[in-house]
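Participant: Data: model_31.txt, compact mmCIF, C-alpha atoms.
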```
# COMPACT_ATOMS: atom_id res chain seq x y z
CA MET A 1 108.80 -34.16 -2.48
CA HIS A 2 105.97 -36.25 -3.88
CA TYR A 3 108.37 -37.90 -6.31
CA LEU A 4 110.70 -38.84 -3.42
CA ILE A 5 107.83 -40.46 -1.49
CA LEU A 6 106.71 -42.31 -4.61
CA ILE A 7 110.21 -43.62 -5.27
CA THR A 8 110.55 -44.71 -1.61
CA LEU A 9 107.26 -46.59 -1.74
CA CYS A 10 108.31 -48.31 -4.95
CA ILE A 11 111.58 -49.43 -3.38
CA ILE A 12 109.77 -50.78 -0.32
CA SER A 13 107.20 -52.63 -2.42
CA PHE A 14 109.98 -54.13 -4.55
CA PHE A 15 112.10 -55.47 -1.69
CA THR A 16 109.50 -56.40 0.93
CA PRO A 17 108.04 -59.49 -0.84
CA ALA A 18 111.52 -60.80 -1.62
CA PHE A 19 112.60 -60.21 1.97
CA ALA A 20 109.49 -61.92 3.33
CA GLN A 21 110.02 -64.88 1.02
CA GLN A 22 113.65 -65.13 2.10
CA GLN A 23 112.61 -65.16 5.77
CA CYS A 24 110.17 -67.98 5.09
CA THR A 25 112.64 -70.27 3.36
CA ASN A 26 114.35 -71.25 6.64
CA HIS A 27 112.86 -74.74 6.54
CA ALA A 28 116.11 -76.61 5.82
CA GLN A 29 117.12 -76.70 9.50
CA LEU A 30 114.51 -77.09 12.22
CA ARG A 31 113.14 -79.09 15.13
CA ALA A 32 109.43 -79.91 15.22
CA GLU A 33 107.87 -81.81 18.13
CA TYR A 34 104.56 -83.63 17.63
CA GLN A 35 101.99 -85.21 19.91
CA ILE A 36 100.54 -88.40 18.39
CA SER A 37 97.24 -89.89 19.54
CA VAL A 38 96.14 -93.33 18.32
CA GLN A 39 92.88 -95.09 19.08
CA HIS A 40 91.57 -98.46 17.90
CA LYS A 41 87.83 -97.92 18.10
CA GLN A 42 86.96 -101.62 17.95
CA LEU A 43 88.88 -102.33 21.18
CA THR A 44 86.47 -101.77 24.06
CA SER A 45 89.38 -101.96 26.50
CA GLN A 46 90.95 -98.84 24.97
CA ARG A 47 88.80 -96.10 26.46
CA SER A 48 91.19 -93.27 25.64
CA PRO A 49 93.73 -92.76 22.85
CA LYS A 50 97.31 -93.85 23.38
CA GLN A 51 99.65 -90.89 23.17
CA HIS A 52 103.34 -90.44 22.52
CA LYS A 53 105.67 -87.81 21.11
CA VAL A 54 108.02 -87.74 18.14
CA VAL A 55 110.51 -85.09 17.11
CA LEU A 56 111.37 -84.24 13.51
CA TRP A 57 114.89 -82.90 12.95
CA ARG A 58 116.09 -81.41 9.65
CA LYS A 59 119.52 -80.33 8.50
CA ASN A 60 119.64 -79.72 4.76
CA ASN A 61 119.77 -83.16 3.11
CA VAL A 62 119.56 -85.09 6.37
CA VAL A 63 116.37 -85.68 8.36
CA ALA A 64 115.79 -87.61 11.58
CA LEU A 65 112.70 -88.78 13.42
CA GLN A 66 113.31 -89.18 17.15
CA TYR A 67 111.08 -91.45 19.26
CA PRO A 68 111.69 -90.49 22.93
CA SER A 69 109.44 -93.28 24.27
CA THR A 70 111.57 -96.01 22.69
CA ALA A 71 114.92 -94.16 22.71
CA ILE A 72 115.32 -94.79 18.97
CA THR A 73 116.05 -92.27 16.23
CA GLU A 74 115.59 -93.01 12.54
CA MET A 75 117.72 -90.96 10.15
CA TRP A 76 117.59 -90.63 6.38
CA GLN A 77 120.22 -88.97 4.20
CA LYS A 78 119.40 -87.84 0.69
CA ILE A 79 122.18 -89.01 -1.60
CA ASN A 80 120.47 -87.93 -4.82
CA ASP A 81 116.93 -87.78 -6.24
CA LYS A 82 116.68 -91.59 -6.29
CA MET A 83 118.90 -92.75 -3.43
CA ILE A 84 118.24 -92.42 0.32
CA LYS A 85 120.53 -93.78 3.02
CA PRO A 86 118.84 -94.98 6.28
CA ILE A 87 120.54 -95.08 9.69
CA ARG A 88 118.98 -96.27 12.96
CA PHE A 89 120.27 -94.87 16.26
CA PHE A 90 119.82 -96.56 19.64
CA ASN A 91 120.09 -93.61 21.99
CA GLU A 92 120.53 -95.48 25.28
CA HIS A 93 123.44 -97.49 23.88
CA LYS A 94 124.94 -94.67 21.76
CA ARG A 95 125.11 -97.12 18.88
CA ALA A 96 123.88 -96.94 15.29
CA ILE A 97 123.14 -99.39 12.49
CA GLU A 98 123.97 -98.02 9.05
CA TYR A 99 122.28 -99.23 5.87
CA GLN A 100 123.41 -98.73 2.30
CA PRO A 101 121.44 -96.42 -0.03
CA GLY A 102 118.64 -98.38 -1.66
CA GLU A 103 118.90 -101.24 0.85
CA VAL A 104 115.61 -102.77 1.98
CA VAL A 105 114.89 -101.97 5.65
CA HIS A 106 111.97 -103.73 7.39
CA GLY A 107 110.67 -104.80 4.00
CA LYS A 108 110.73 -101.31 2.52
CA LYS A 109 113.10 -99.49 0.19
CA GLU A 110 113.35 -95.75 0.76
CA THR A 111 112.74 -93.75 -2.44
CA ASN A 112 110.42 -90.86 -1.48
CA TRP A 113 112.44 -88.01 0.04
CA SER A 114 109.48 -85.63 0.45
CA TYR A 115 107.74 -88.20 2.66
CA ARG A 116 110.70 -88.48 4.99
CA ASN A 117 111.54 -84.78 4.94
CA GLN A 118 107.97 -83.60 5.57
CA LEU A 119 106.21 -86.64 7.12
CA ILE A 120 103.84 -86.49 4.15
CA SER A 121 104.65 -86.80 0.45
CA ASP A 122 104.22 -84.11 -2.19
CA ASP A 123 102.15 -86.56 -4.22
CA LEU A 124 99.62 -87.02 -1.43
CA ILE A 125 99.34 -83.27 -0.83
CA ALA A 126 98.76 -82.70 -4.55
CA SER A 127 95.95 -85.28 -4.57
CA MET A 128 94.04 -83.61 -1.72
CA GLN A 129 91.34 -80.93 -1.89
CA VAL A 130 91.99 -77.48 -0.41
CA ILE A 131 89.13 -76.41 1.86
CA ASN A 132 90.59 -73.33 3.56
CA THR A 133 93.65 -71.12 3.91
CA TYR A 134 94.52 -68.85 6.81
CA GLY A 135 97.51 -66.93 8.15
CA GLU A 136 100.13 -64.97 6.24
CA ALA A 137 103.76 -65.33 5.16
CA CYS A 138 105.59 -67.96 7.23
CA ASP A 139 102.48 -68.64 9.31
CA GLN A 140 100.28 -69.48 6.34
CA VAL A 141 98.35 -72.71 6.81
CA VAL A 142 96.48 -74.64 4.12
CA GLN A 143 93.73 -77.02 5.20
CA LEU A 144 93.22 -80.03 2.94
CA THR A 145 91.03 -83.11 2.97
CA GLN A 146 90.64 -86.40 1.17
CA LYS A 147 87.97 -89.08 1.47
CA THR A 148 88.42 -92.61 0.19
CA LEU A 149 86.83 -96.00 0.81
CA LYS A 150 89.51 -96.64 3.43
CA GLY A 151 88.89 -93.50 5.49
CA GLU A 152 89.10 -89.72 5.74
CA LEU A 153 92.27 -87.65 5.87
CA VAL A 154 92.38 -84.05 7.14
CA LEU A 155 95.61 -82.08 6.95
CA GLU A 156 96.91 -78.67 8.02
CA TRP A 157 99.97 -77.85 5.95
CA MET A 158 102.45 -74.96 6.31
CA PRO A 159 103.73 -74.53 2.73
CA GLN A 160 106.40 -71.90 3.46
CA LEU A 161 108.06 -74.17 6.01
CA LYS A 162 107.18 -77.43 4.23
CA LEU A 163 105.89 -78.61 7.58
CA LEU A 164 102.95 -80.55 8.90
CA LYS A 165 100.94 -78.60 11.50
CA SER A 166 98.29 -81.25 12.10
CA PHE A 167 97.23 -84.53 10.57
CA GLU A 168 94.19 -86.71 11.22
CA TYR A 169 93.23 -90.03 9.67
CA SER A 170 90.07 -91.82 10.71
CA ASN A 171 87.72 -94.60 9.70
CA GLU A 172 85.18 -96.78 11.51
CA ARG A 173 87.85 -98.73 13.39
CA TYR A 174 90.86 -96.47 13.72
CA GLN A 175 91.83 -92.86 14.41
CA GLU A 176 95.27 -91.26 14.38
CA ASN A 177 96.10 -87.62 15.06
CA TRP A 178 99.36 -85.69 14.82
CA GLN A 179 99.58 -82.20 16.35
CA LEU A 180 102.55 -79.83 16.22
CA LEU A 181 103.53 -78.79 19.78
CA GLU A 182 106.82 -76.95 19.39
CA LEU A 183 108.82 -75.50 16.51
CA ASP A 184 112.46 -74.44 16.75
CA THR A 185 114.20 -72.97 13.70
CA HIS A 186 117.50 -72.12 15.43
CA SER A 187 120.11 -73.86 13.34
CA THR A 188 122.60 -74.09 16.22
CA ASN A 189 120.26 -76.38 18.20
CA THR A 190 119.72 -78.62 15.19
CA GLN A 191 123.44 -78.76 14.44
CA ALA A 192 124.16 -79.74 18.05
CA TYR A 193 121.70 -82.63 17.87
CA PHE A 194 123.19 -84.07 14.69
CA ASP A 195 126.70 -83.58 16.05
CA HIS A 196 125.66 -85.66 19.06
CA LEU A 197 124.35 -88.47 16.86
CA ASN A 198 127.62 -88.48 14.94
CA THR A 199 129.45 -89.47 18.14
CA TYR A 200 127.66 -92.86 18.19
CA GLN A 201 129.56 -96.00 17.27
CA THR A 202 128.26 -97.10 13.87
CA THR A 203 128.06 -100.63 12.45
CA ASP A 204 127.14 -101.52 8.90
CA TYR A 205 124.05 -103.73 8.77
CA ALA A 206 125.88 -106.28 6.61
CA ASP A 207 128.51 -106.74 9.36
CA ILE A 208 126.14 -107.42 12.26
CA GLY A 209 126.53 -111.21 12.08
CA ASP A 210 130.34 -111.10 11.85
CA ASP A 211 131.09 -109.91 15.39
CA HIS A 212 130.01 -112.37 18.09
CA THR A 213 131.86 -110.59 20.90
CA ASP A 214 129.84 -107.39 20.84
CA PRO A 215 126.93 -107.68 23.36
CA PHE A 216 124.93 -105.01 21.56
CA LEU A 217 125.17 -106.74 18.19
CA THR A 218 124.42 -110.20 19.57
CA LYS A 219 121.06 -108.89 20.81
CA MET A 220 120.14 -107.51 17.39
```
Step by step, read the file and then write its structure as structure tokens.
Facilitator:
Amino acid sequence: MHYLILITLCIISFFTPAFAQQQCTNHAQLRAEYQISVQHKQLTSQRSPKQHKVVLWRKNNVVALQYPSTAITEMWQKINDKMIKPIRFFNEHKRAIEYQPGEVVHGKKETNWSYRNQLISDDLIASMQVINTYGEACDQVVQLTQKTLKGELVLEWMPQLKLLKSFEYSNERYQENWQLLELDTHSTNTQAYFDHLNTYQTTDYADIGDDHTDPFLTKM
């Protein structure tokens, strides 16, 4: 009888960590809504921080950042380790502008997938100092900090989900705070959102100047 109990406990101890790890790897498809507060301390007219929300959407090698206040969604598709394809969606018009992988968009060439996928790059996380850890399994949170001549950065990071829980950057003139409000890991909801974006009429950025009859493109 004692041998049976011992064998049972061994089986449980062998499979439980693997099962827990498997449950925590569901970070490839999710919806994360953030509240962003920004304050320019040198502006006496700005008595309270300006606030708006953004929504991070993930579906495997595609990630989107939705800005409800401006009705714009930025999407990035990972082609390979060095190539990222940007697409900008204009939600009110159900139109999209598609860029080629490696193309410069707003003066910047997308090369860092971890930054787009997580809102913060692996390199920056690695450079920060761990000050505390709390929670267990999927709910584990690592608190990190970094001080430079430009300002102070404080981060709460959920490593199992590869997700930002909170982010604060501040210096003498400026303060910005990101706070996770809602998290949805139901893949069906995420799939429905990306399916909706795929119904938009898409135009390649290089072709914008060729069509002078399209009212949307003439305003670009």
Participant: Have a look at atom CA of Lys94 of chain A and atom CA of Ser114 of chain A and let me know their distance in Å, one decimal.
Facilitator: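 About the pair atom CA of Lys94 of chain A and atom CA of Ser114 of chain A: they are 27.8 Å apart.
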Participant: With only C-alpha atoms counted, which protein, DNA or RNA residues have an atom no more than 10 Å from (99.4, -86.1, 3.1) in the file frame? Please answer as an MDAnalysis selection string.
Facilitator: chainID A and resid 115 118:128 144:146 153:157 164 167:169
Participant: So which one's closest to Ser69 of chain A, A:Ile97, A:Met83, A:Cys138, A:Ile36? Using all atoms listed in the file, please.
Facilitator: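 Closest residue, counting all atoms listed in the file: A:Ile36.
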Participant: Report the distance between atom CA of Asn198 of chain A and atom CA of Glu182 of chain A in Å, rounded to one decimal place.
Facilitator: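 These two atoms are separated by 24.2 Å.
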Participant: Which distance in Å separates atom CA of Met75 of chain A and atom CA of Gln160 of chain A, to one decimal?
Facilitator: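 Computed distance, atom CA of Met75 of chain A to atom CA of Gln160 of chain A, equals 23.2 Å.
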Participant: List the residues sitting within 10 Å of (123.8, -93.0, 20.8) in the file's frame, using all atoms listed in the file, as number ranges by chain.
Facilitator: A: 71-73, 88-96, 196-202
